[in-house]
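*Asks:* Got a structure for you, protein24.pdb, holding PDB, C-alpha atoms, pLDDT in the B column.
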```pdb
ATOM      1  CA  MET A   7      53.648  16.765 -30.941  1.00 66.00           C
ATOM      2  CA  LYS A   8      51.817  14.750 -33.524  1.00 73.00           C
ATOM      3  CA  PRO A   9      48.014  14.906 -33.812  1.00 77.00           C
ATOM      4  CA  ALA A  10      47.797  11.203 -33.005  1.00 76.00           C
ATOM      5  CA  GLN A  11      49.692  11.734 -29.760  1.00 74.00           C
ATOM      6  CA  ILE A  12      47.427  14.666 -28.835  1.00 76.00           C
ATOM      7  CA  LEU A  13      44.351  12.558 -29.506  1.00 78.00           C
ATOM      8  CA  ILE A  14      45.712   9.707 -27.417  1.00 78.00           C
ATOM      9  CA  GLY A  15      46.484  12.152 -24.605  1.00 78.00           C
ATOM     10  CA  ILE A  16      42.926  13.515 -24.703  1.00 80.00           C
ATOM     11  CA  LEU A  17      41.476  10.018 -24.690  1.00 83.00           C
ATOM     12  CA  VAL A  18      43.624   9.074 -21.683  1.00 80.00           C
ATOM     13  CA  VAL A  19      42.463  12.174 -19.772  1.00 82.00           C
ATOM     14  CA  VAL A  20      38.809  11.498 -20.642  1.00 83.00           C
ATOM     15  CA  LEU A  21      39.219   7.878 -19.598  1.00 84.00           C
ATOM     16  CA  LEU A  22      40.767   8.871 -16.259  1.00 83.00           C
ATOM     17  CA  ILE A  23      37.950  11.342 -15.615  1.00 86.00           C
ATOM     18  CA  ALA A  24      35.344   8.716 -16.481  1.00 84.00           C
ATOM     19  CA  VAL A  25      36.994   6.162 -14.204  1.00 82.00           C
ATOM     20  CA  GLY A  26      37.166   8.739 -11.405  1.00 83.00           C
ATOM     21  CA  LEU A  27      33.494   9.683 -11.811  1.00 85.00           C
ATOM     22  CA  GLY A  28      32.478   6.044 -12.011  1.00 84.00           C
ATOM     23  CA  THR A  29      34.405   5.231  -8.861  1.00 87.00           C
ATOM     24  CA  ALA A  30      32.873   8.193  -7.002  1.00 86.00           C
ATOM     25  CA  ILE A  31      29.349   7.242  -8.083  1.00 88.00           C
ATOM     26  CA  PHE A  32      29.916   3.599  -7.195  1.00 88.00           C
ATOM     27  CA  SER A  33      31.313   4.540  -3.791  1.00 89.00           C
ATOM     28  CA  GLY A  34      28.539   7.065  -3.087  1.00 91.00           C
ATOM     29  CA  TYR A  35      25.843   4.638  -4.187  1.00 92.00           C
ATOM     30  CA  ASN A  36      27.206   1.913  -1.917  1.00 93.00           C
ATOM     31  CA  ARG A  37      27.478   4.337   1.011  1.00 92.00           C
ATOM     32  CA  ALA A  38      23.814   5.320   0.648  1.00 94.00           C
ATOM     33  CA  ILE A  39      22.826   1.649   0.648  1.00 94.00           C
ATOM     34  CA  ARG A  40      25.065   0.938   3.633  1.00 95.00           C
ATOM     35  CA  LEU A  41      23.594   3.810   5.694  1.00 95.00           C
ATOM     36  CA  ASP A  42      20.064   2.681   4.832  1.00 94.00           C
ATOM     37  CA  GLU A  43      20.816  -0.900   5.828  1.00 95.00           C
ATOM     38  CA  THR A  44      22.382   0.274   9.090  1.00 95.00           C
ATOM     39  CA  VAL A  45      19.172   2.118   9.978  1.00 94.00           C
ATOM     40  CA  LYS A  46      17.108  -0.976   9.204  1.00 92.00           C
ATOM     41  CA  GLN A  47      19.439  -3.177  11.232  1.00 93.00           C
ATOM     42  CA  GLN A  48      19.290  -0.835  14.222  1.00 94.00           C
ATOM     43  CA  TRP A  49      15.504  -0.685  14.020  1.00 92.00           C
ATOM     44  CA  ALA A  50      15.438  -4.484  14.084  1.00 91.00           C
ATOM     45  CA  GLN A  51      17.383  -4.332  17.358  1.00 92.00           C
ATOM     46  CA  VAL A  52      14.834  -1.871  18.749  1.00 90.00           C
ATOM     47  CA  GLN A  53      12.045  -4.223  17.724  1.00 87.00           C
ATOM     48  CA  ASN A  54      13.740  -7.117  19.525  1.00 89.00           C
ATOM     49  CA  GLN A  55      13.748  -5.170  22.788  1.00 88.00           C
ATOM     50  CA  LEU A  56      10.200  -3.884  22.264  1.00 85.00           C
ATOM     51  CA  GLN A  57       9.023  -7.448  21.764  1.00 84.00           C
ATOM     52  CA  ARG A  58      10.836  -8.492  24.936  1.00 85.00           C
ATOM     53  CA  ARG A  59       8.960  -5.738  26.755  1.00 81.00           C
ATOM     54  CA  TYR A  60       5.565  -6.792  25.414  1.00 80.00           C
ATOM     55  CA  ASP A  61       6.223 -10.425  26.286  1.00 81.00           C
ATOM     56  CA  LEU A  62       6.668  -9.439  29.929  1.00 79.00           C
ATOM     57  CA  ILE A  63       3.457  -7.437  30.168  1.00 73.00           C
ATOM     58  CA  PRO A  64       0.931 -10.315  30.537  1.00 75.00           C
ATOM     59  CA  ASN A  65       2.896 -11.826  33.443  1.00 75.00           C
ATOM     60  CA  LEU A  66       3.233  -8.442  35.108  1.00 69.00           C
ATOM     61  CA  GLU A  67      -0.479  -7.755  34.691  1.00 66.00           C
ATOM     62  CA  ALA A  68      -1.466 -11.118  36.145  1.00 72.00           C
ATOM     63  CA  THR A  69       0.816 -10.665  39.135  1.00 69.00           C
ATOM     64  CA  VAL A  70      -0.503  -7.213  39.991  1.00 64.00           C
ATOM     65  CA  LYS A  71      -4.119  -8.210  39.439  1.00 65.00           C
ATOM     66  CA  GLY A  72      -3.690 -10.982  41.944  1.00 59.00           C
ATOM     67  CA  THR A  73      -2.548  -8.491  44.573  1.00 57.00           C
ATOM     68  CA  ALA A  74      -4.514  -5.313  43.949  1.00 54.00           C
ATOM     69  CA  GLY A  75      -7.923  -4.839  42.461  1.00 54.00           C
ATOM     70  CA  GLN A  76      -8.334  -1.146  41.824  1.00 51.00           C
ATOM     71  CA  GLU A  77      -6.058  -0.418  38.856  1.00 56.00           C
ATOM     72  CA  GLN A  78      -8.493  -0.950  35.992  1.00 61.00           C
ATOM     73  CA  LYS A  79      -7.595   2.377  34.400  1.00 60.00           C
ATOM     74  CA  VAL A  80      -3.952   1.312  34.148  1.00 63.00           C
ATOM     75  CA  PHE A  81      -4.743  -2.107  32.695  1.00 65.00           C
ATOM     76  CA  LEU A  82      -7.148  -0.636  30.161  1.00 65.00           C
ATOM     77  CA  GLY A  83      -4.451   1.802  29.080  1.00 63.00           C
ATOM     78  CA  ILE A  84      -1.930  -1.011  28.634  1.00 67.00           C
ATOM     79  CA  ALA A  85      -4.425  -3.148  26.719  1.00 70.00           C
ATOM     80  CA  ASP A  86      -5.199  -0.301  24.328  1.00 69.00           C
ATOM     81  CA  ALA A  87      -1.533   0.524  23.773  1.00 66.00           C
ATOM     82  CA  ARG A  88      -0.597  -3.140  23.288  1.00 71.00           C
ATOM     83  CA  LYS A  89      -3.413  -3.565  20.790  1.00 73.00           C
ATOM     84  CA  ALA A  90      -2.240  -0.478  18.931  1.00 68.00           C
ATOM     85  CA  TYR A  91       1.313  -1.819  18.838  1.00 68.00           C
ATOM     86  CA  PHE A  92       0.334  -5.100  17.236  1.00 72.00           C
ATOM     87  CA  GLN A  93      -1.790  -3.207  14.719  1.00 68.00           C
ATOM     88  CA  TYR A  94       1.240  -1.105  13.841  1.00 64.00           C
ATOM     89  CA  GLN A  95       3.330  -4.256  13.492  1.00 66.00           C
ATOM     90  CA  LYS A  96       1.351  -4.925  10.339  1.00 69.00           C
ATOM     91  CA  ALA A  97       2.466  -1.569   8.933  1.00 64.00           C
ATOM     92  CA  THR A  98       5.651  -1.113   6.951  1.00 65.00           C
ATOM     93  CA  THR A  99       6.935   2.105   8.540  1.00 74.00           C
ATOM     94  CA  ALA A 100       9.052   2.311  11.663  1.00 75.00           C
ATOM     95  CA  ASP A 101       7.582   5.648  12.756  1.00 75.00           C
ATOM     96  CA  GLN A 102       4.112   4.130  13.140  1.00 75.00           C
ATOM     97  CA  GLN A 103       5.466   1.337  15.341  1.00 77.00           C
ATOM     98  CA  ALA A 104       7.465   3.873  17.341  1.00 78.00           C
ATOM     99  CA  ALA A 105       4.308   5.910  17.956  1.00 75.00           C
ATOM    100  CA  ALA A 106       2.561   2.869  19.405  1.00 74.00           C
ATOM    101  CA  ALA A 107       5.605   2.005  21.512  1.00 77.00           C
ATOM    102  CA  SER A 108       5.532   5.499  23.010  1.00 76.00           C
ATOM    103  CA  GLN A 109       1.879   5.029  23.978  1.00 72.00           C
ATOM    104  CA  ILE A 110       2.639   1.980  26.063  1.00 74.00           C
ATOM    105  CA  GLU A 111       5.625   3.528  27.844  1.00 75.00           C
ATOM    106  CA  GLY A 112       3.326   5.875  29.702  1.00 70.00           C
ATOM    107  CA  ALA A 113       1.015   3.010  30.665  1.00 68.00           C
ATOM    108  CA  LEU A 114       3.919   0.907  31.926  1.00 70.00           C
ATOM    109  CA  SER A 115       5.306   3.763  33.994  1.00 71.00           C
ATOM    110  CA  ARG A 116       1.941   4.051  35.724  1.00 67.00           C
ATOM    111  CA  LEU A 117       1.897   0.316  36.338  1.00 65.00           C
ATOM    112  CA  LEU A 118       5.347   0.297  37.912  1.00 66.00           C
ATOM    113  CA  VAL A 119       4.537   3.039  40.411  1.00 68.00           C
ATOM    114  CA  LEU A 120       1.756   0.833  41.789  1.00 63.00           C
ATOM    115  CA  ARG A 121       4.447  -0.476  44.115  1.00 63.00           C
ATOM    116  CA  GLU A 122       4.227   2.812  45.998  1.00 66.00           C
ATOM    117  CA  THR A 123       0.422   2.798  45.987  1.00 66.00           C
ATOM    118  CA  TYR A 124       0.113  -0.806  47.177  1.00 65.00           C
ATOM    119  CA  PRO A 125       2.725  -1.649  49.869  1.00 66.00           C
ATOM    120  CA  GLU A 126       1.811  -5.335  49.627  1.00 65.00           C
ATOM    121  CA  LEU A 127       3.430  -5.418  46.173  1.00 63.00           C
ATOM    122  CA  LYS A 128       6.823  -4.704  47.734  1.00 64.00           C
ATOM    123  CA  SER A 129       6.702  -8.091  49.416  1.00 64.00           C
ATOM    124  CA  ASN A 130       5.493  -9.888  46.284  1.00 70.00           C
ATOM    125  CA  GLU A 131       8.594 -11.662  44.971  1.00 74.00           C
ATOM    126  CA  SER A 132       7.054 -12.379  41.564  1.00 73.00           C
ATOM    127  CA  PHE A 133       6.143  -8.748  41.056  1.00 71.00           C
ATOM    128  CA  MET A 134       9.589  -7.521  42.079  1.00 76.00           C
ATOM    129  CA  LYS A 135      11.303  -9.950  39.708  1.00 79.00           C
ATOM    130  CA  LEU A 136       9.041  -8.941  36.844  1.00 76.00           C
ATOM    131  CA  GLN A 137       9.554  -5.275  37.593  1.00 75.00           C
ATOM    132  CA  ASP A 138      13.332  -5.725  37.557  1.00 81.00           C
ATOM    133  CA  ALA A 139      13.085  -7.568  34.243  1.00 82.00           C
ATOM    134  CA  LEU A 140      10.873  -4.870  32.776  1.00 79.00           C
ATOM    135  CA  GLU A 141      13.083  -2.039  33.988  1.00 81.00           C
ATOM    136  CA  GLY A 142      16.101  -3.825  32.537  1.00 85.00           C
ATOM    137  CA  THR A 143      14.269  -4.107  29.246  1.00 84.00           C
ATOM    138  CA  GLU A 144      13.424  -0.405  29.365  1.00 83.00           C
ATOM    139  CA  ASN A 145      17.143   0.333  29.649  1.00 88.00           C
ATOM    140  CA  ARG A 146      17.855  -1.897  26.654  1.00 90.00           C
ATOM    141  CA  VAL A 147      15.116  -0.165  24.673  1.00 88.00           C
ATOM    142  CA  ALA A 148      16.647   3.213  25.528  1.00 88.00           C
ATOM    143  CA  VAL A 149      20.109   2.069  24.408  1.00 93.00           C
ATOM    144  CA  GLU A 150      18.876   0.609  21.121  1.00 92.00           C
ATOM    145  CA  ARG A 151      16.685   3.668  20.521  1.00 91.00           C
ATOM    146  CA  GLY A 152      19.762   5.868  20.886  1.00 93.00           C
ATOM    147  CA  ARG A 153      21.762   3.759  18.451  1.00 94.00           C
ATOM    148  CA  TYR A 154      18.887   3.777  15.984  1.00 94.00           C
ATOM    149  CA  ASN A 155      18.570   7.563  16.166  1.00 94.00           C
ATOM    150  CA  ASP A 156      22.333   7.921  15.654  1.00 95.00           C
ATOM    151  CA  ALA A 157      22.075   5.811  12.500  1.00 95.00           C
ATOM    152  CA  VAL A 158      19.081   7.866  11.336  1.00 95.00           C
ATOM    153  CA  GLN A 159      21.047  11.072  11.876  1.00 95.00           C
ATOM    154  CA  GLN A 160      23.935   9.860   9.721  1.00 95.00           C
ATOM    155  CA  LEU A 161      21.565   8.716   6.982  1.00 95.00           C
ATOM    156  CA  ASN A 162      19.529  11.923   6.975  1.00 95.00           C
ATOM    157  CA  GLN A 163      22.608  14.135   6.913  1.00 94.00           C
ATOM    158  CA  SER A 164      23.878  12.257   3.885  1.00 93.00           C
ATOM    159  CA  VAL A 165      20.501  12.311   2.114  1.00 93.00           C
ATOM    160  CA  ARG A 166      20.023  16.060   2.649  1.00 92.00           C
ATOM    161  CA  GLN A 167      23.517  17.106   1.584  1.00 91.00           C
ATOM    162  CA  PHE A 168      25.123  17.106  -1.843  1.00 90.00           C
ATOM    163  CA  PRO A 169      26.476  14.860  -3.285  1.00 90.00           C
ATOM    164  CA  GLY A 170      24.882  12.428  -0.854  1.00 91.00           C
ATOM    165  CA  SER A 171      21.415  13.444  -2.038  1.00 92.00           C
ATOM    166  CA  PHE A 172      22.403  12.517  -5.601  1.00 91.00           C
ATOM    167  CA  TYR A 173      23.653   9.097  -4.598  1.00 90.00           C
ATOM    168  CA  ALA A 174      20.625   8.486  -2.368  1.00 93.00           C
ATOM    169  CA  SER A 175      18.362   9.339  -5.298  1.00 91.00           C
ATOM    170  CA  LEU A 176      20.186   6.820  -7.467  1.00 90.00           C
ATOM    171  CA  ALA A 177      19.860   4.155  -4.784  1.00 91.00           C
ATOM    172  CA  GLY A 178      16.227   4.979  -3.976  1.00 92.00           C
ATOM    173  CA  VAL A 179      17.145   5.793  -0.358  1.00 93.00           C
ATOM    174  CA  GLU A 180      15.013   8.296   1.585  1.00 92.00           C
ATOM    175  CA  GLU A 181      15.203  10.011   4.963  1.00 93.00           C
ATOM    176  CA  ALA A 182      14.256   7.925   7.987  1.00 91.00           C
ATOM    177  CA  GLN A 183      12.130   8.940  10.962  1.00 87.00           C
ATOM    178  CA  TYR A 184      13.617   9.379  14.430  1.00 88.00           C
ATOM    179  CA  PHE A 185      12.231   7.313  17.294  1.00 87.00           C
ATOM    180  CA  GLN A 186      10.940  10.162  19.438  1.00 79.00           C
ATOM    181  CA  VAL A 187       9.655   9.623  22.950  1.00 68.00           C
ATOM    182  CA  GLU A 188       6.616  11.600  23.988  1.00 58.00           C
ATOM    183  CA  THR A 189       7.150  13.880  26.969  1.00 50.00           C
ATOM    184  CA  ALA A 190       4.424  12.098  28.901  1.00 44.00           C
ATOM    185  CA  ALA A 191       6.293   8.825  28.567  1.00 45.00           C
ATOM    186  CA  LYS A 192       9.603  10.200  29.875  1.00 46.00           C
ATOM    187  CA  THR A 193       8.383  10.956  33.381  1.00 45.00           C
ATOM    188  CA  PRO A 194       6.343   8.434  35.360  1.00 40.00           C
ATOM    189  CA  PRO A 195       3.091  10.194  36.235  1.00 37.00           C
ATOM    190  CA  LYS A 196       1.558  10.116  39.692  1.00 40.00           C
ATOM    191  CA  VAL A 197      -1.134   7.530  40.175  1.00 35.00           C
ATOM    192  CA  ASP A 198      -4.202   8.219  42.252  1.00 39.00           C
ATOM    193  CA  PHE A 199      -6.831   5.517  42.546  1.00 34.00           C
ATOM    194  CA  SER A 200      -8.840   7.314  45.194  1.00 40.00           C
ATOM    195  CA  ASP A 201     -11.549   8.145  42.683  1.00 39.00           C
ATOM    196  CA  ILE A 202     -12.146   4.484  41.811  1.00 33.00           C
ATOM    197  CA  GLY A 203     -11.401   2.810  45.119  1.00 39.00           C
ATOM    198  CA  PRO A 204     -13.943   1.821  47.752  1.00 40.00           C
ATOM    199  CA  LYS A 205     -15.208   4.842  49.629  1.00 39.00           C
ATOM    200  CA  THR A 206     -15.758   4.844  53.358  1.00 40.00           C
ATOM    201  CA  GLN A 207     -19.318   5.592  54.201  1.00 41.00           C
ATOM    202  CA  GLU A 208     -19.766   8.491  56.601  1.00 44.00           C
ATOM    203  CA  PRO A 209     -21.731   7.665  59.744  1.00 44.00           C
ATOM    204  CA  ALA A 210     -25.281   8.911  59.728  1.00 42.00           C
ATOM    205  CA  LYS A 211     -25.882  12.028  61.742  1.00 45.00           C
ATOM    206  CA  PRO A 212     -28.155  11.554  64.795  1.00 45.00           C
TER     207      PRO A 212
END
```
Kindly present the structure from the file in structure tokens form.
*Replies:*
Amino acid sequence: MKPAQILIGILVVVLLIAVGLGTAIFSGYNRAIRLDETVKQQWAQVQNQLQRRYDLIPNLEATVKGTAGQEQKVFLGIADARKAYFQYQKATTADQQAAAASQIEGALSRLLVLRETYPELKSNESFMKLQDALEGTENRVAVERGRYNDAVQQLNQSVRQFPGSFYASLAGVEEAQYFQVETAAKTPPKVDFSDIGPKTQEPAKP
């Protein structure tokens, strides 16, 4: 075999290797971008449902306040959590917004169990409709949260493993934070307003 043929053969092999490496890098780079965009898209869906939840709160508050007058602790908790949420909306990280969302879940769970504390709420059609709407929204939030966390898992697995970590570094993609729900927000706590309700005065002893 002539030297020229050997040289051509080497150049062909080098070219094939370069094309293969280029294709792998291009594919890996695009996959990192795609996983990152999927996480962002899923978080946008979570935000849509969170906003739907917050839009329902003022109507729910007004309805309950018109029926019962001893739940100030609950309303103060909701107001603080809602304020925190809108403060976090100004932030750029999803984990900060998720933290605020978890705060309000506990407050809402306490508000919803008022139906058991105040029987008159069971006959309040407006309250029942709002509660159904809010509970439906909670289900949507849970579904979108699950999809978001699934997308985060795929992204983080890719970012932490080689060669995914290499491609993620090239694309400037980093790990994302899971949307964790605080334990206190998973279970509706018991509500007791006996300490702030009107107390019956004991009759004076003769």
*Asks:* Run through the PyMOL selection byres ((chain A and resi 158-174) around 6) on the given coordinates and return the selected residues as a list in words.
*Replies:*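 Applying the expression gives Gly34, Tyr35, Ala38, Leu41, Val45, Asn155, Asp156, Ala157, Ser175, Leu176, Ala177, Gly178, Val179, Glu181 and Ala182 of chain A.
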*Asks:* Would you place a box with edges along x, y and z of the file around all atoms of segment 132-142 of chain A listed there, add 3 Å to each of its six sides, and report the centre and edge lengths in Å to one decimal, as AutoDock Vina command-line options?
*Replies:*
```
--center_x 11.1 --center_y -7.2 --center_z 37.3 --size_x 16.0 --size_y 16.3 --size_z 15.5
```
*Asks:* Select, from A:Thr29, A:Gln183, A:Thr44, A:Gln11, the residue with the minimum atom-to-atom distance to Gln103 of chain A, counting all atoms listed in the file.
*Replies:*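 Answer, going by the shortest atom-to-atom distance: A:Gln183.
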*Asks:* Could you check which of A:Arg146, A:Arg151, A:Lys8, A:Arg88 is closest to Ile63 of chain A, using all atoms listed in the file?
*Replies:*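 Of A:Arg146, A:Arg151, A:Lys8, A:Arg88, the one nearest Ile63 of chain A, counting all atoms listed in the file, is A:Arg88.
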*Asks:* Find the spatial neighbours of Phe185 of chain A, counting all atoms listed in the file, within a cut-off of 12 Å - ignore same-chain residues fewer than 3 positions away - and output them as number ranges by chain.
*Replies:* A: 45, 48-49, 52-53, 99-108, 147-159, 182, 188
*Asks:* In Å, with one decimal, what is the gap from atom CA of Glu111 of chain A to atom CA of Lys89 of chain A?
*Replies:*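 These atoms are spaced 13.5 Å apart.
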*Asks:* Nearest residue to Lys135 of chain A out of A:Ala85, A:Val18, A:Leu62, A:Ala24, using only C-alpha atoms?
*Replies:*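 For Lys135 of chain A, the nearest of the candidates is A:Leu62.
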*Asks:* As a CSV table (one decimal), keeping the file's coordinate frame, could you write out segment 38-58 of chain A once it has been completed with N, CA and C atoms?
*Replies:*
```csv
chain,number,residue,atom,x,y,z
A,38,ALA,N,25.2,5.1,0.4
A,38,ALA,CA,23.8,5.3,0.6
A,38,ALA,C,23.1,4.0,1.0
A,39,ILE,N,23.4,2.9,0.3
A,39,ILE,CA,22.8,1.6,0.6
A,39,ILE,C,23.3,1.2,2.0
A,40,ARG,N,24.5,1.4,2.3
A,40,ARG,CA,25.1,0.9,3.6
A,40,ARG,C,24.4,1.7,4.8
A,41,LEU,N,24.2,3.0,4.7
A,41,LEU,CA,23.6,3.8,5.7
A,41,LEU,C,22.1,3.4,5.9
A,42,ASP,N,21.5,3.1,4.8
A,42,ASP,CA,20.1,2.7,4.8
A,42,ASP,C,19.9,1.3,5.5
A,43,GLU,N,20.8,0.4,5.2
A,43,GLU,CA,20.8,-0.9,5.8
A,43,GLU,C,21.2,-0.8,7.3
A,44,THR,N,22.0,0.1,7.7
A,44,THR,CA,22.4,0.3,9.1
A,44,THR,C,21.2,0.7,9.9
A,45,VAL,N,20.4,1.7,9.3
A,45,VAL,CA,19.2,2.1,10.0
A,45,VAL,C,18.2,1.0,10.2
A,46,LYS,N,18.0,0.2,9.1
A,46,LYS,CA,17.1,-1.0,9.2
A,46,LYS,C,17.6,-2.0,10.2
A,47,GLN,N,18.9,-2.2,10.3
A,47,GLN,CA,19.4,-3.2,11.2
A,47,GLN,C,19.2,-2.7,12.7
A,48,GLN,N,19.5,-1.4,12.9
A,48,GLN,CA,19.3,-0.8,14.2
A,48,GLN,C,17.8,-0.9,14.6
A,49,TRP,N,16.9,-0.6,13.7
A,49,TRP,CA,15.5,-0.7,14.0
A,49,TRP,C,15.1,-2.1,14.4
A,50,ALA,N,15.7,-3.1,13.7
A,50,ALA,CA,15.4,-4.5,14.1
A,50,ALA,C,15.9,-4.8,15.5
A,51,GLN,N,17.0,-4.2,16.0
A,51,GLN,CA,17.4,-4.3,17.4
A,51,GLN,C,16.4,-3.7,18.3
A,52,VAL,N,15.9,-2.5,17.9
A,52,VAL,CA,14.8,-1.9,18.7
A,52,VAL,C,13.6,-2.8,18.9
A,53,GLN,N,13.2,-3.3,17.7
A,53,GLN,CA,12.0,-4.2,17.7
A,53,GLN,C,12.2,-5.4,18.6
A,54,ASN,N,13.5,-6.0,18.7
A,54,ASN,CA,13.7,-7.1,19.5
A,54,ASN,C,13.5,-6.8,21.0
A,55,GLN,N,13.9,-5.6,21.4
A,55,GLN,CA,13.7,-5.2,22.8
A,55,GLN,C,12.3,-4.8,23.1
A,56,LEU,N,11.6,-4.2,22.1
A,56,LEU,CA,10.2,-3.9,22.3
A,56,LEU,C,9.4,-5.2,22.4
A,57,GLN,N,9.7,-6.2,21.6
A,57,GLN,CA,9.0,-7.4,21.8
A,57,GLN,C,9.3,-8.1,23.1
A,58,ARG,N,10.5,-8.0,23.6
A,58,ARG,CA,10.8,-8.5,24.9
A,58,ARG,C,10.0,-7.8,26.0
```
